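Here the structure is laid out as structure tokens; the discussion comes afterwards.
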Amino acid sequence: MMKLKTTLLMLLGVICTQLYAVQLQSIYPQKPDDPEAFYFTPENYQIKADGKMDVSDALQAAINQVKKEKNFGILFIPEGKYKISKTIYIPGAIRLIGYGKKRPEFILAKNSPGFQNEVPTDKGKAKYMFWFTGGLVEEGAAPRDANAGTFYSAMSNINLRIEDGNPHAVALRTHYAQHSFISYVAVHIGKGKAGLFDVGNEMENVAFYGGDYGIYTTKASPGWPVMMVDSYFEGQRIAALRCQESGLAMVNLYARNVPAVFDIDSNYCDKLFLENSYFENVSGPAVVITNENNSNNQITFRNVYCKNVPVLAKYTRSNTDTKVSYKIYRLKSYDHGLQMDSMVDMPEYRTLLDVEPIQKFPAALLTDIPALPSMTTWVNLRELGAKGDGETDDTKAIQAAIDQYDNIYVPQGWYRITETLKMKPNTKLIGLHPFGTQFRLDESTPAFSGFGGPKAMVESSVGGANMLVGIGINTGGINYRAVGVKWMANADSYINDVKFVGGHGGMWKPKPGVAAPKGWWDRPARVSTPDNPVSASGMDLAWDNQYWSLWVTNNGGGTFKDIWTASTYATSGFYANNTSTPGRIYAMSIEHHVRNEVRFNKVSNWKVYCMQTEEESRESTECQPIEMDDCKDMTFANLYMFRVIRVNEPYHSSVRIRNCENIAFLNLHNYSQIKYTNNIAVFDVNKDIDIRPWELSRLIVTGKEPHRQPIGNEVNKVNQLASDFDFTEGIARDSKGNVYFCDHRMRRIFKWSVDTNSLSLIADFPWKPSNLAFDSEDNLLVLFRYDVQPGYLIDGKPEQMPVMPDTKGTSFSGYGNSGFTMRVYAMDPENPEETIRLLPRVPMGQVKNVHKALYPSNRWRDFHDFNEVSVYVPEMCFLAPDGKTIIPHYFDLSRSSSLLEAYPGKPFYTSDEYDRRMVKMDVADDGTLSNLNYFVEQGEFGSAVDQDGNLYVADGEIYVFDKDGKKKGIIRVPERPSTLQFGGRDGNTLFITGRSKFFGVRIK
């Protein structure tokens, strides 16, 4: 009878776990066929999967074989029961994946040696079934724990069981970093200590039964947040989770029959975020908080259903608690920590509770992680002709597979492609190791090289239900047009376990006949290899030469989970724009870019959990972690922004926003071990509002906050409109009076809108913009520097640099300011990414009736040939899309600060910068200049003419002259002005780019 009762209870437990989004079925019911993988079968390792034979030594040998022969890879575990009696060490980049109709199960045998007593010298005071390590553990050597450099390790679709007599056994030790995870694992702890010690990176669909704890942990090895999606805890004797600084963000957690759900260690803080979860029969407090009202303590719950949970929180320092009198209730929100209701609110410690009684404990929400398609529908890419040898061009084979089949399994291999792979609406590409399985570009692949708009390696369908899982995307180091993935799929689409390879996270791949360096399997990821090039000086000139790694656009959305995008060659690791389709990010690590880690532009309805940025000293000292423009209705939970200990320069802000509303930051962590933590956590550029606290439990950007210094219309009053730039110049206006300018070195183009009186970032392409202008049809023209792409062949010959005209009259042409050319592209400023196109060069004189010609605002001619070169007619000019606006091609374009408009029949002014004077010239119908006359003996970078013909000259301040050259006045600017432009609705506002600031002043 007792046995029957136990069986029924076990069945009930299975049913409950399946009701609550944690499934116990095998997700890989068939054997994945992978010629690069190893299989732990009786045929290969002389073992039996009968639960009786001790396979410990054989299993360790198999794991070590994968590491030694492949360095990274997969050991597949067939269905069966596997008895072990000692710790199994799993080195970095090795994955254990189970398959079969039922999940395989590893069983720690009763009374296994060493598991009976506490291990006082061990960090977790325990002994482990499986220990993820930083490298191979040779016989007799002490293990080296996994750490911030341990990548790609995993255990999936495997169950674990601790039998009696092992009171200090812990099933898993998982202190690893990116692309390392535990998924679809049920741990039956029984009378053991815990299921898992030391969280790392990500967990999905995990269940813990019994034990003192399901999980107990210190902070993740790099101090980063950890994502846990779909988890179940039952019957723990002390607490479901015991933690300190874990940074856990949890969605769809179910905890039942426990004394406590979260027990934070004494005198420690934590940043816990919980959403869409369930507590049932919690006899003590659901969360034990030991450092209340400390900014490091950030406890945030959203939409948690509770049954028989009388004490929600206990605060041990004050010996107080938060009680709820209802038997069944919905916890709409609970916030404990330092909070701000708006960007201008006073930061205050608060404990906020919003709870409502309910009549019935509801069925749990279904997981929002899309299920993989049935393995019966998978087709094997290797069997369809792709080689994956890194040499063969597999493009046609992969595209043919996509065109014919929906569900494509991609075994390990490096698949070279030469054109964009375009998904169909239902295409699902499934790999199981994002470094062992890669789509790769050779350096300077023609279709991705030279100047042009962004070109993706992998492109989703528009609005389809696509999947991209377990595959690395390698754009190489030098492919100027490359984008890793362009994602336009729907809200049900899915990207998971995808690594954007390049710069960081590289690994040595053994090659036949090539001697491996000593200890190569333990080499750090930063080692220079052909797949991870680092120059002799440690500075790679190829950095920041490509577009974004992951680009979500055109109403793309879906779920993005466990993504690491750290290619230093990309403009930024993640860019989302022009989408209101719901998006969910679960654990995205974006690191080591030169200018931007993350950019959101016109994005709404997204939730971002466990986003982590990191700036490295060599490449990222001046990198903006997060940039947001025109975004609304977004939530960030457990957002960690970090600068490494090697950074030795300060930086302004971590999140930079413009024109955003209803943005919630829940558990915000802005930090570094050094004193050069980013000064400001969140900065509103347009309103000049900065958030000084580095640690916040809750911050709401309402969008209704007033400008710190309201901008008025008082005549002759200089208003600071925006700040936090590197060096602003290149100012221009469109026909509506909107003003644009650029930040050359940081490669950014900005727009000041006359409709909203606000600034936005419209482009951050890898091309270096120098000057901006508009043609008669409001096409934005961008003069930019272009460097020949190394190794790029056109018709079998290296790309040739066009000859730069007229370089003899200025010393600027020497000292490193040669070897490049200036080109011009045009784009629609409302849709820059999709409309970028190069302007042709045509002979001067080809356009007979020029609408306007665009000339350098200033020329540095220190060989005193300014007068001659200013009226010289060059051979070629750039022709704008309107067919009647030209830019004569002079070498001086490479140094000029802006382009000035020369209209036929009107006077034209430009600056002799070296001799500090403004000159006046006539403009012919073909746009050429003549009749040069000295006008005033002041001049520097920029100038502008108002509607009355008065000339405004930037020369330390701004000097105003009438048509006859008589000085009328001076405008004093808080910062040295560089370029000037009249704009606004009536054209009577003078806009000024300073060095790091942007100003406006009404002149009448």
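Chain labels follow the order of the structure tokens: the first chain is A, the next B, and so on; residue numbering restarts at 1 in every chain, and ligands are counted from 1 in their shown order.
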
Practice prompt. Select from range 606-764 of chain A everything DSSP, run on the backbone, classes as strand (DSSP E), then give the selection as a ChimeraX atom specification.
Written response: /A:606-615,624-629,632-643,653-658,661-672,680-684,689-691,695-701,719-722,728-733,739-743,748-753,758-763

Write out, as a Markdown table, each residue of range 815-904 of chain A that has an atom at most 10 Å from range 732-739 of chain A, together with the closest pair of atoms and their distance in Å to one decimal, counting only C-alpha atoms, rows going by chain and rising number.
```
| residue | atom | partner | partner_atom | distance |
| --- | --- | --- | --- | --- |
| A:Ser898 | CA | A:Ala732 | CA | 7.9 |
| A:Leu899 | CA | A:Ala732 | CA | 7.8 |
| A:Leu900 | CA | A:Ala732 | CA | 8.6 |
| A:Glu901 | CA | A:Ala732 | CA | 9.7 |
```

Write a file of the just-selected residues containing N, CA and C atoms, as a PDB file, in the first residue's frame.
```
ATOM      1  N   SER A 898      32.761  71.413 -42.764  1.00  0.00           N
ATOM      2  CA  SER A 898      31.385  71.339 -43.254  1.00  0.00           C
ATOM      3  C   SER A 898      31.390  71.636 -44.739  1.00  0.00           C
ATOM      4  N   LEU A 899      30.239  71.418 -45.364  1.00  0.00           N
ATOM      5  CA  LEU A 899      30.049  71.767 -46.771  1.00  0.00           C
ATOM      6  C   LEU A 899      29.130  72.979 -46.842  1.00  0.00           C
ATOM      7  N   LEU A 900      29.553  74.002 -47.601  1.00  0.00           N
ATOM      8  CA  LEU A 900      28.750  75.198 -47.760  1.00  0.00           C
ATOM      9  C   LEU A 900      28.126  75.221 -49.147  1.00  0.00           C
ATOM     10  N   GLU A 901      26.930  75.780 -49.199  1.00  0.00           N
ATOM     11  CA  GLU A 901      26.143  75.760 -50.419  1.00  0.00           C
ATOM     12  C   GLU A 901      26.465  76.973 -51.289  1.00  0.00           C
TER      13      GLU A 901
END
```

Worksheet item: If we count only C-alpha atoms, what is near Met801 in chain A at a cut-off of 7 Å, once residues fewer than 5 positions away on the same chain are taken out, given as a list of chain:residue names?
Response: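 The contact residues come out as A:Val788, A:Phe820, A:Thr821.
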
Those same residues - N, CA and C atoms - I'd like them written as a compact mmCIF listing (two decimals), in the first residue's frame.
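What landed in selection_12.txt:
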```
# COMPACT_ATOMS: atom_id res chain seq x y z
N VAL A 788 40.77 51.48 -48.48
CA VAL A 788 40.71 50.26 -49.27
C VAL A 788 40.66 49.05 -48.36
N PHE A 820 44.00 57.02 -48.28
CA PHE A 820 42.56 56.84 -48.24
C PHE A 820 41.95 57.80 -49.25
N THR A 821 40.66 57.72 -49.44
CA THR A 821 39.98 58.66 -50.31
C THR A 821 38.69 59.12 -49.65
```

Fill in: Selection near Ser870 in chain A, 12 Å with only C-alpha atoms, sequence-local residues under 2 positions removed, as a PyMOL selection string
chain A and resi 806+809+855-861+864-868+872-874+888-893+908-912+918-923+928-933

Worksheet item: Separation of CA of Phe181 in chain A and CA of His168 in chain A, in Å?
Response: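 Spanning CA of Phe181 in chain A to CA of His168 in chain A is a straight-line distance of 23.2 Å.
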
Worksheet item: Which polymer residues have any atom within 10 Å of an atom of range 977-990 of chain A, counting only C-alpha atoms, with same-chain residues fewer than 4 positions away left out, as a ChimeraX atom specification?
Response: /A:713,715-716,718,727-741,752-755,757,857,897-900,940-947,952-958,972-973,994-1004

Include C-alpha atoms and write out the residues we just selected as an mmCIF file, in the first residue's frame.
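Output contents, as saved in result.cif:
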```
data_model
loop_
_atom_site.group_PDB
_atom_site.id
_atom_site.type_symbol
_atom_site.label_atom_id
_atom_site.label_comp_id
_atom_site.auth_asym_id
_atom_site.auth_seq_id
_atom_site.Cartn_x
_atom_site.Cartn_y
_atom_site.Cartn_z
ATOM 1 C CA ASN A 713 12.971 81.523 -27.772
ATOM 2 C CA VAL A 715 16.602 86.379 -29.137
ATOM 3 C CA ASN A 716 20.405 86.215 -28.923
ATOM 4 C CA VAL A 718 22.553 80.754 -26.650
ATOM 5 C CA PHE A 727 33.830 66.361 -31.785
ATOM 6 C CA THR A 728 30.766 67.639 -33.610
ATOM 7 C CA GLU A 729 30.898 69.136 -37.104
ATOM 8 C CA GLY A 730 29.573 68.714 -40.643
ATOM 9 C CA ILE A 731 26.329 70.582 -39.984
ATOM 10 C CA ALA A 732 23.549 70.698 -42.616
ATOM 11 C CA ARG A 733 19.805 71.310 -42.866
ATOM 12 C CA ASP A 734 16.939 69.890 -44.902
ATOM 13 C CA SER A 735 14.081 71.799 -46.547
ATOM 14 C CA LYS A 736 11.935 71.554 -43.386
ATOM 15 C CA GLY A 737 14.569 73.238 -41.247
ATOM 16 C CA ASN A 738 15.719 70.055 -39.463
ATOM 17 C CA VAL A 739 19.421 70.177 -38.671
ATOM 18 C CA TYR A 740 21.922 67.344 -38.982
ATOM 19 C CA PHE A 741 25.526 66.992 -37.888
ATOM 20 C CA TRP A 752 17.730 67.857 -34.536
ATOM 21 C CA SER A 753 13.987 67.803 -35.230
ATOM 22 C CA VAL A 754 12.090 71.075 -35.536
ATOM 23 C CA ASP A 755 8.858 69.185 -34.786
ATOM 24 C CA ASN A 757 12.893 70.153 -30.580
ATOM 25 C CA SER A 857 33.796 75.500 -45.567
ATOM 26 C CA SER A 897 34.545 70.847 -41.226
ATOM 27 C CA SER A 898 31.385 71.339 -43.254
ATOM 28 C CA LEU A 899 30.049 71.767 -46.771
ATOM 29 C CA LEU A 900 28.750 75.198 -47.760
ATOM 30 C CA GLU A 940 38.301 79.402 -38.895
ATOM 31 C CA PHE A 941 36.127 76.325 -39.468
ATOM 32 C CA GLY A 942 32.531 77.279 -40.142
ATOM 33 C CA SER A 943 30.348 80.098 -41.385
ATOM 34 C CA ALA A 944 26.723 80.732 -42.300
ATOM 35 C CA VAL A 945 24.638 83.414 -44.015
ATOM 36 C CA ASP A 946 21.255 84.535 -42.685
ATOM 37 C CA GLN A 947 18.197 85.513 -44.724
ATOM 38 C CA TYR A 952 28.309 84.636 -39.290
ATOM 39 C CA VAL A 953 31.898 83.498 -38.805
ATOM 40 C CA ALA A 954 33.110 80.954 -36.259
ATOM 41 C CA ASP A 955 36.480 82.049 -34.882
ATOM 42 C CA GLY A 956 36.643 81.189 -31.182
ATOM 43 C CA GLU A 957 33.322 82.991 -30.811
ATOM 44 C CA ILE A 958 30.858 83.869 -33.569
ATOM 45 C CA ARG A 972 29.595 84.301 -27.246
ATOM 46 C CA VAL A 973 29.285 80.526 -27.100
ATOM 47 C CA GLY A 994 30.863 73.040 -30.522
ATOM 48 C CA ARG A 995 33.420 70.444 -29.614
ATOM 49 C CA SER A 996 31.303 68.290 -27.316
ATOM 50 C CA LYS A 997 28.063 70.291 -27.275
ATOM 51 C CA PHE A 998 25.331 71.443 -29.622
ATOM 52 C CA PHE A 999 23.770 74.911 -29.343
ATOM 53 C CA GLY A 1000 20.982 77.007 -30.821
ATOM 54 C CA VAL A 1001 20.327 80.748 -30.768
ATOM 55 C CA ARG A 1002 17.489 82.749 -32.306
ATOM 56 C CA ILE A 1003 18.783 85.781 -34.153
ATOM 57 C CA LYS A 1004 15.428 87.548 -34.525
#
```

Fill in: Leu550 in chain A environment, 7 Å, only C-alpha atoms, sequence neighbours closer than 2 positions dropped, as a PyMOL selection string
chain A and resi 483-486+548+552+573-575

Worksheet item: Which residues come within 6 Å of Asn496 in chain A, counting only C-alpha atoms, excluding same-chain residues fewer than 2 positions away, as a list in words?
Response: Val469, Val498, Phe560, Lys561 and Asp562 of chain A

With C-alpha atoms kept, could you save the residues just selected as a PDB file, in the first residue's frame?
```
ATOM      1  CA  VAL A 469      19.625  27.606 -32.670  1.00  0.00           C
ATOM      2  CA  VAL A 498      24.035  31.742 -31.041  1.00  0.00           C
ATOM      3  CA  PHE A 560      16.395  35.874 -28.189  1.00  0.00           C
ATOM      4  CA  LYS A 561      18.077  33.666 -25.617  1.00  0.00           C
ATOM      5  CA  ASP A 562      21.634  32.893 -24.544  1.00  0.00           C
TER       6      ASP A 562
END
```

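Distances from A:Gly583, A:Val311, A:Thr418, A:Ala456 to Asn490 in chain A were compared using only C-alpha atoms, and the smallest one belongs to A:Gly583.
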
Practice prompt. Could you tell me how far CA of Glu627 in chain A lies from CA of Asn678 in chain A, in Å and to one decimal?
Written response: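 Between these atoms lies a distance of 14.1 Å.
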
Item to complete: Figure out the distance between CA of Glu36 in chain A and CA of Lys70 in chain A, please, to one decimal in Å.
Response: 8.5 Å

Worksheet item: Hey, which of A:Thr475, A:Thr885, A:Thr993, A:Thr290 ends up closest to Lys314 in chain A? Count only C-alpha atoms.
Response: A:Thr290
